[in-house]
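Beneath this line is the structure, given in C-alpha cells, with notes to follow.
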Amino acid sequence: MEQVMIEKLIDTAIEQLKFSYTPYSNFKVGAALLTKSGKIYTGCNIENAAYTPTNCAERTAIFKAISEGNKEFVAIAIVGNKAGIKQGEGDYCAPCAVCRQVMAEFCDLDTFKVIIAKDTDDYLEHTLGELLPLAFTGKNLDK
Ligand code: THU
C-alpha cells in the first residue's frame, strides 16, 4: 500500500476521535477501513451505560461497510487514547481480541494490514495473521 494512502487512513481515523462516545471510559478510538474498491469507512467507539453493548471503533467501521454491501478490505488504521492526551503521545492502541476475530471473518490473514497509529508519521503495521495467529475462521467450518 502506498505511503500516501497509509497517511490518509491515519488522518481519517484521527478525525473520527471527535465522534467517539465515551462517557464511561473517556478512552477515544477512531478507525478508518479501506475497501478493495478504494472507499474508506470510518468508525468510532460507542459506549453504553450497560457496558457490554459498547462497540469498538474498528467494529463500527466494519459493520458500516458490511451493511452497505462492501466486504472486501485492504487495511484498517486505528488510533486511540484517553481524552486529553495530545496526538502522538500516549500508547499505540492495538485492536481488542473481539475486533481481531471480526476482522478474521472478512479479511485475509496474510494480506490485510492493521495500522496501529500514534500519529500520521508514527505507526506500527502488521498483517492480521500476525495479530491473530492460529485463527479460528469459517475455514474450520468448511465455509
Ligand atoms: N476500544 C476500541 O474502540 N477499540 C479497541 O480495539 C480497544 C478498545 C474502546 C472500547 C471502549 O469504548 C474503550 O475503548 C475502552 O475499552
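Residues are referred to by chain and number: the chain letter is A, B, ... according to the order shown in the C-alpha cells, the number counts from 1 in that chain, and ligands are numbered separately from 1 in the order shown.
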Could you give me, as a ChimeraX atom specification, each residue of range 13-90 of chain A that DSSP assigns to helix (DSSP H, G or I) when run on this structure's backbone? /A:13-19,57-67
List as a PDB file with N, CA and C atoms, in the first residue's frame the protein and nucleic acid residues near range 50-57 of chain A, meaning an atom at most 9 Å away when only C-alpha atoms are counted, but skip any in the same chain fewer than 2 places from it.
```
ATOM      1  N   GLN A  16     -11.985  10.890  13.368  1.00  0.00           N
ATOM      2  CA  GLN A  16     -13.150  10.220  13.982  1.00  0.00           C
ATOM      3  C   GLN A  16     -13.177  10.343  15.495  1.00  0.00           C
ATOM      4  N   SER A  20     -16.295   9.970  18.900  1.00  0.00           N
ATOM      5  CA  SER A  20     -16.245   8.884  19.882  1.00  0.00           C
ATOM      6  C   SER A  20     -17.151   9.201  21.082  1.00  0.00           C
ATOM      7  N   TYR A  24     -18.097   6.788  29.809  1.00  0.00           N
ATOM      8  CA  TYR A  24     -17.717   5.881  30.911  1.00  0.00           C
ATOM      9  C   TYR A  24     -16.211   5.703  31.015  1.00  0.00           C
ATOM     10  N   LYS A  28     -10.874   7.402  23.835  1.00  0.00           N
ATOM     11  CA  LYS A  28     -11.388   7.707  22.488  1.00  0.00           C
ATOM     12  C   LYS A  28     -10.655   6.883  21.436  1.00  0.00           C
ATOM     13  N   VAL A  29     -11.416   6.218  20.567  1.00  0.00           N
ATOM     14  CA  VAL A  29     -10.803   5.426  19.487  1.00  0.00           C
ATOM     15  C   VAL A  29     -11.441   5.817  18.157  1.00  0.00           C
ATOM     16  N   GLY A  30     -10.599   5.930  17.142  1.00  0.00           N
ATOM     17  CA  GLY A  30     -11.071   6.184  15.775  1.00  0.00           C
ATOM     18  C   GLY A  30     -10.485   5.155  14.834  1.00  0.00           C
ATOM     19  N   ALA A  31     -11.242   4.822  13.791  1.00  0.00           N
ATOM     20  CA  ALA A  31     -10.774   3.821  12.824  1.00  0.00           C
ATOM     21  C   ALA A  31     -11.139   4.258  11.411  1.00  0.00           C
ATOM     22  N   ALA A  32     -10.310   3.840  10.452  1.00  0.00           N
ATOM     23  CA  ALA A  32     -10.602   4.082   9.028  1.00  0.00           C
ATOM     24  C   ALA A  32     -10.262   2.805   8.271  1.00  0.00           C
ATOM     25  N   THR A  42     -15.480   4.838   8.049  1.00  0.00           N
ATOM     26  CA  THR A  42     -14.958   5.341   9.318  1.00  0.00           C
ATOM     27  C   THR A  42     -15.699   4.726  10.490  1.00  0.00           C
ATOM     28  N   GLY A  43     -15.070   4.801  11.660  1.00  0.00           N
ATOM     29  CA  GLY A  43     -15.732   4.307  12.867  1.00  0.00           C
ATOM     30  C   GLY A  43     -15.164   4.950  14.113  1.00  0.00           C
ATOM     31  N   CYS A  44     -16.007   5.015  15.143  1.00  0.00           N
ATOM     32  CA  CYS A  44     -15.540   5.453  16.461  1.00  0.00           C
ATOM     33  C   CYS A  44     -16.125   4.474  17.473  1.00  0.00           C
ATOM     34  N   ASN A  45     -15.595   4.490  18.688  1.00  0.00           N
ATOM     35  CA  ASN A  45     -16.191   3.638  19.711  1.00  0.00           C
ATOM     36  C   ASN A  45     -17.441   4.303  20.283  1.00  0.00           C
ATOM     37  N   ILE A  46     -18.407   3.466  20.622  1.00  0.00           N
ATOM     38  CA  ILE A  46     -19.716   3.938  21.091  1.00  0.00           C
ATOM     39  C   ILE A  46     -20.051   3.150  22.359  1.00  0.00           C
ATOM     40  N   GLU A  47     -19.991   3.849  23.490  1.00  0.00           N
ATOM     41  CA  GLU A  47     -20.197   3.141  24.771  1.00  0.00           C
ATOM     42  C   GLU A  47     -21.664   3.133  25.179  1.00  0.00           C
ATOM     43  N   ASN A  48     -21.923   2.388  26.237  1.00  0.00           N
ATOM     44  CA  ASN A  48     -23.298   2.207  26.714  1.00  0.00           C
ATOM     45  C   ASN A  48     -23.291   2.061  28.227  1.00  0.00           C
ATOM     46  N   ARG A  59     -15.011  -2.209  14.888  1.00  0.00           N
ATOM     47  CA  ARG A  59     -16.234  -2.924  14.502  1.00  0.00           C
ATOM     48  C   ARG A  59     -17.284  -1.966  13.952  1.00  0.00           C
ATOM     49  N   THR A  60     -17.325  -0.743  14.459  1.00  0.00           N
ATOM     50  CA  THR A  60     -18.255   0.237  13.880  1.00  0.00           C
ATOM     51  C   THR A  60     -17.962   0.394  12.391  1.00  0.00           C
ATOM     52  N   ALA A  61     -16.689   0.573  12.051  1.00  0.00           N
ATOM     53  CA  ALA A  61     -16.311   0.769  10.638  1.00  0.00           C
ATOM     54  C   ALA A  61     -16.631  -0.486   9.815  1.00  0.00           C
ATOM     55  N   ILE A  62     -16.281  -1.643  10.350  1.00  0.00           N
ATOM     56  CA  ILE A  62     -16.509  -2.893   9.595  1.00  0.00           C
ATOM     57  C   ILE A  62     -18.006  -3.119   9.387  1.00  0.00           C
ATOM     58  N   ILE A  78      -6.005   2.509  13.044  1.00  0.00           N
ATOM     59  CA  ILE A  78      -6.626   2.658  14.369  1.00  0.00           C
ATOM     60  C   ILE A  78      -5.804   3.642  15.200  1.00  0.00           C
ATOM     61  N   PRO A  95      -5.902  -3.305  18.330  1.00  0.00           N
ATOM     62  CA  PRO A  95      -7.298  -3.762  18.347  1.00  0.00           C
ATOM     63  C   PRO A  95      -7.526  -4.865  19.371  1.00  0.00           C
ATOM     64  N   CYS A  96      -8.674  -4.817  20.021  1.00  0.00           N
ATOM     65  CA  CYS A  96      -9.003  -5.838  21.013  1.00  0.00           C
ATOM     66  C   CYS A  96      -9.220  -7.184  20.306  1.00  0.00           C
ATOM     67  N   CYS A  99     -12.376  -7.558  18.128  1.00  0.00           N
ATOM     68  CA  CYS A  99     -12.248  -6.903  16.817  1.00  0.00           C
ATOM     69  C   CYS A  99     -11.348  -7.705  15.889  1.00  0.00           C
TER      70      CYS A  99
END
```
For Leu131 in chain A, find every residue with an atom within 10 Å (counting only C-alpha atoms), except residues of its own chain fewer than 3 positions away, and show them as a PDB file with all heavy atoms, in the first residue's frame.
```pdb
ATOM      1  N   ALA A  94      -3.810  -0.995  20.124  1.00  0.00           N
ATOM      2  CA  ALA A  94      -3.958  -2.215  19.315  1.00  0.00           C
ATOM      3  C   ALA A  94      -5.406  -2.690  19.382  1.00  0.00           C
ATOM      4  O   ALA A  94      -6.086  -2.484  20.396  1.00  0.00           O
ATOM      5  CB  ALA A  94      -3.023  -3.292  19.841  1.00  0.00           C
ATOM      6  N   PRO A  95      -5.902  -3.305  18.330  1.00  0.00           N
ATOM      7  CA  PRO A  95      -7.298  -3.762  18.347  1.00  0.00           C
ATOM      8  C   PRO A  95      -7.526  -4.865  19.371  1.00  0.00           C
ATOM      9  O   PRO A  95      -6.668  -5.733  19.558  1.00  0.00           O
ATOM     10  CB  PRO A  95      -7.516  -4.283  16.918  1.00  0.00           C
ATOM     11  CG  PRO A  95      -6.165  -4.567  16.391  1.00  0.00           C
ATOM     12  CD  PRO A  95      -5.232  -3.612  17.059  1.00  0.00           C
ATOM     13  N   CYS A  96      -8.674  -4.817  20.021  1.00  0.00           N
ATOM     14  CA  CYS A  96      -9.003  -5.838  21.013  1.00  0.00           C
ATOM     15  C   CYS A  96      -9.220  -7.184  20.306  1.00  0.00           C
ATOM     16  O   CYS A  96      -9.368  -7.257  19.079  1.00  0.00           O
ATOM     17  CB  CYS A  96     -10.235  -5.436  21.824  1.00  0.00           C
ATOM     18  SG  CYS A  96     -11.800  -5.752  20.992  1.00  0.00           S
ATOM     19  N   ALA A  97      -9.252  -8.248  21.087  1.00  0.00           N
ATOM     20  CA  ALA A  97      -9.349  -9.602  20.523  1.00  0.00           C
ATOM     21  C   ALA A  97     -10.674  -9.830  19.795  1.00  0.00           C
ATOM     22  O   ALA A  97     -10.716 -10.552  18.789  1.00  0.00           O
ATOM     23  CB  ALA A  97      -9.171 -10.637  21.631  1.00  0.00           C
ATOM     24  N   ARG A 100     -10.284  -8.297  16.417  1.00  0.00           N
ATOM     25  CA  ARG A 100      -9.414  -9.133  15.575  1.00  0.00           C
ATOM     26  C   ARG A 100     -10.215 -10.309  15.008  1.00  0.00           C
ATOM     27  O   ARG A 100     -10.065 -10.691  13.848  1.00  0.00           O
ATOM     28  CB  ARG A 100      -8.217  -9.648  16.386  1.00  0.00           C
ATOM     29  CG  ARG A 100      -7.304  -8.531  16.835  1.00  0.00           C
ATOM     30  CD  ARG A 100      -6.129  -9.025  17.666  1.00  0.00           C
ATOM     31  NE  ARG A 100      -5.578  -7.900  18.422  1.00  0.00           N
ATOM     32  CZ  ARG A 100      -4.361  -7.827  18.904  1.00  0.00           C
ATOM     33  NH1 ARG A 100      -3.511  -8.825  18.737  1.00  0.00           N
ATOM     34  NH2 ARG A 100      -3.950  -6.776  19.583  1.00  0.00           N
ATOM     35  N   GLN A 101     -11.065 -10.893  15.841  1.00  0.00           N
ATOM     36  CA  GLN A 101     -11.868 -12.025  15.387  1.00  0.00           C
ATOM     37  C   GLN A 101     -12.868 -11.581  14.319  1.00  0.00           C
ATOM     38  O   GLN A 101     -13.088 -12.290  13.333  1.00  0.00           O
ATOM     39  CB  GLN A 101     -12.600 -12.662  16.587  1.00  0.00           C
ATOM     40  CG  GLN A 101     -13.381 -13.905  16.243  1.00  0.00           C
ATOM     41  CD  GLN A 101     -12.484 -15.057  15.800  1.00  0.00           C
ATOM     42  OE1 GLN A 101     -11.361 -15.204  16.270  1.00  0.00           O
ATOM     43  NE2 GLN A 101     -12.966 -15.889  14.892  1.00  0.00           N
ATOM     44  N   LEU A 109      -5.929 -13.161   6.297  1.00  0.00           N
ATOM     45  CA  LEU A 109      -4.958 -13.140   7.399  1.00  0.00           C
ATOM     46  C   LEU A 109      -3.568 -12.719   6.917  1.00  0.00           C
ATOM     47  O   LEU A 109      -2.825 -12.062   7.651  1.00  0.00           O
ATOM     48  CB  LEU A 109      -4.875 -14.517   8.058  1.00  0.00           C
ATOM     49  CG  LEU A 109      -6.124 -14.967   8.825  1.00  0.00           C
ATOM     50  CD1 LEU A 109      -6.025 -16.444   9.168  1.00  0.00           C
ATOM     51  CD2 LEU A 109      -6.317 -14.148  10.094  1.00  0.00           C
ATOM     52  N   VAL A 114      -3.116  -4.098   9.380  1.00  0.00           N
ATOM     53  CA  VAL A 114      -3.625  -3.363  10.534  1.00  0.00           C
ATOM     54  C   VAL A 114      -2.583  -2.308  10.903  1.00  0.00           C
ATOM     55  O   VAL A 114      -1.451  -2.640  11.252  1.00  0.00           O
ATOM     56  CB  VAL A 114      -3.887  -4.311  11.723  1.00  0.00           C
ATOM     57  CG1 VAL A 114      -4.466  -3.531  12.902  1.00  0.00           C
ATOM     58  CG2 VAL A 114      -4.838  -5.442  11.311  1.00  0.00           C
ATOM     59  N   HIS A 126       1.004  -4.301  10.854  1.00  0.00           N
ATOM     60  CA  HIS A 126       1.029  -5.761  10.976  1.00  0.00           C
ATOM     61  C   HIS A 126      -0.013  -6.365  10.044  1.00  0.00           C
ATOM     62  O   HIS A 126      -1.043  -5.741   9.790  1.00  0.00           O
ATOM     63  CB  HIS A 126       0.678  -6.200  12.408  1.00  0.00           C
ATOM     64  CG  HIS A 126       1.736  -5.882  13.395  1.00  0.00           C
ATOM     65  ND1 HIS A 126       2.861  -6.644  13.555  1.00  0.00           N
ATOM     66  CD2 HIS A 126       1.838  -4.874  14.291  1.00  0.00           C
ATOM     67  CE1 HIS A 126       3.624  -6.135  14.497  1.00  0.00           C
ATOM     68  NE2 HIS A 126       3.030  -5.043  14.965  1.00  0.00           N
ATOM     69  N   THR A 127       0.231  -7.589   9.619  1.00  0.00           N
ATOM     70  CA  THR A 127      -0.859  -8.298   8.962  1.00  0.00           C
ATOM     71  C   THR A 127      -1.801  -8.791  10.055  1.00  0.00           C
ATOM     72  O   THR A 127      -1.398  -8.948  11.224  1.00  0.00           O
ATOM     73  CB  THR A 127      -0.360  -9.518   8.165  1.00  0.00           C
ATOM     74  OG1 THR A 127       0.206 -10.454   9.088  1.00  0.00           O
ATOM     75  CG2 THR A 127       0.645  -9.121   7.106  1.00  0.00           C
ATOM     76  N   LEU A 128      -3.040  -9.067   9.654  1.00  0.00           N
ATOM     77  CA  LEU A 128      -4.000  -9.601  10.623  1.00  0.00           C
ATOM     78  C   LEU A 128      -3.496 -10.930  11.197  1.00  0.00           C
ATOM     79  O   LEU A 128      -3.636 -11.189  12.401  1.00  0.00           O
ATOM     80  CB  LEU A 128      -5.366  -9.765   9.954  1.00  0.00           C
ATOM     81  CG  LEU A 128      -6.465 -10.336  10.829  1.00  0.00           C
ATOM     82  CD1 LEU A 128      -6.681  -9.494  12.087  1.00  0.00           C
ATOM     83  CD2 LEU A 128      -7.761 -10.450  10.032  1.00  0.00           C
ATOM     84  N   LEU A 134      -3.029 -18.623  14.478  1.00  0.00           N
ATOM     85  CA  LEU A 134      -3.871 -19.810  14.663  1.00  0.00           C
ATOM     86  C   LEU A 134      -5.349 -19.435  14.758  1.00  0.00           C
ATOM     87  O   LEU A 134      -6.077 -19.916  15.625  1.00  0.00           O
ATOM     88  CB  LEU A 134      -3.465 -20.586  15.927  1.00  0.00           C
ATOM     89  CG  LEU A 134      -2.153 -21.360  15.844  1.00  0.00           C
ATOM     90  CD1 LEU A 134      -1.792 -21.943  17.214  1.00  0.00           C
ATOM     91  CD2 LEU A 134      -2.255 -22.482  14.814  1.00  0.00           C
ATOM     92  N   ALA A 135      -5.757 -18.541  13.866  1.00  0.00           N
ATOM     93  CA  ALA A 135      -7.129 -18.030  13.931  1.00  0.00           C
ATOM     94  C   ALA A 135      -8.162 -19.130  13.686  1.00  0.00           C
ATOM     95  O   ALA A 135      -7.955 -20.020  12.859  1.00  0.00           O
ATOM     96  CB  ALA A 135      -7.307 -16.931  12.894  1.00  0.00           C
TER      97      ALA A 135
END
```
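Near Asn81 in chain A, within a cut-off of 8 Å and counting only C-alpha atoms, sit the residues Phe27, Lys28, Val29, Ile85, Gly90, Asp91, Tyr92 and Cys93 of chain A, with same-chain residues fewer than 3 positions away left out.
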Of A:Gln3, A:Phe63, A:Glu58, A:Gly38, the one sitting nearest ligand 1 when using only C-alpha atoms and all ligand atoms is A:Glu58
Can you tell me, as a PyMOL selection string, which residues in chain A count as strand (DSSP E) by DSSP? chain A and resi 27-35+40-44+73-82+113-119+122-127
Preceding selection exported with C-alpha atoms as a tab-separated table (two decimals), in the first residue's frame:
```tsv
chain	number	residue	atom	x	y	z
A	27	PHE	CA	-10.98	6.49	26.07
A	28	LYS	CA	-11.39	7.71	22.49
A	29	VAL	CA	-10.80	5.43	19.49
A	30	GLY	CA	-11.07	6.18	15.78
A	31	ALA	CA	-10.77	3.82	12.82
A	32	ALA	CA	-10.60	4.08	9.03
A	33	LEU	CA	-11.18	0.98	6.91
A	34	LEU	CA	-10.09	0.81	3.26
A	35	THR	CA	-12.08	-1.37	0.86
A	40	ILE	CA	-12.96	4.45	3.23
A	41	TYR	CA	-15.39	3.55	6.01
A	42	THR	CA	-14.96	5.34	9.32
A	43	GLY	CA	-15.73	4.31	12.87
A	44	CYS	CA	-15.54	5.45	16.46
A	73	PHE	CA	-10.97	-4.99	2.69
A	74	VAL	CA	-7.34	-3.93	2.30
A	75	ALA	CA	-6.40	-2.23	5.57
A	76	ILE	CA	-7.59	-0.52	8.72
A	77	ALA	CA	-5.97	2.33	10.64
A	78	ILE	CA	-6.63	2.66	14.37
A	79	VAL	CA	-5.85	5.48	16.78
A	80	GLY	CA	-6.85	5.68	20.42
A	81	ASN	CA	-6.06	7.27	23.72
A	82	LYS	CA	-7.50	8.71	26.88
A	113	LYS	CA	-2.94	-4.69	7.05
A	114	VAL	CA	-3.62	-3.36	10.53
A	115	ILE	CA	-2.07	0.08	11.03
A	116	ILE	CA	-1.81	0.99	14.69
A	117	ALA	CA	-1.01	4.68	14.82
A	118	LYS	CA	0.02	7.27	17.36
A	119	ASP	CA	0.16	9.92	14.65
A	122	ASP	CA	4.26	7.25	13.87
A	123	TYR	CA	2.64	3.86	13.39
A	124	LEU	CA	3.05	0.10	13.50
A	125	GLU	CA	1.95	-2.09	10.60
A	126	HIS	CA	1.03	-5.76	10.98
A	127	THR	CA	-0.86	-8.30	8.96
```
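In this comparison, which uses only C-alpha atoms, the residue of A:Asn70, A:Asn26, A:Thr120, A:Thr111 approaching Val4 in chain A most closely is A:Thr120.
Nearest-residue note for ligand 1: choosing from A:Val102, A:Lys71, A:Lys143, A:Lys64, the minimum distance belongs to A:Val102, counting only C-alpha atoms and all ligand atoms.
The spacing separating atom 9 (C, counted along the ligand's line) of ligand 1 from CA of Lys36 in chain A amounts to 25.8 Å.
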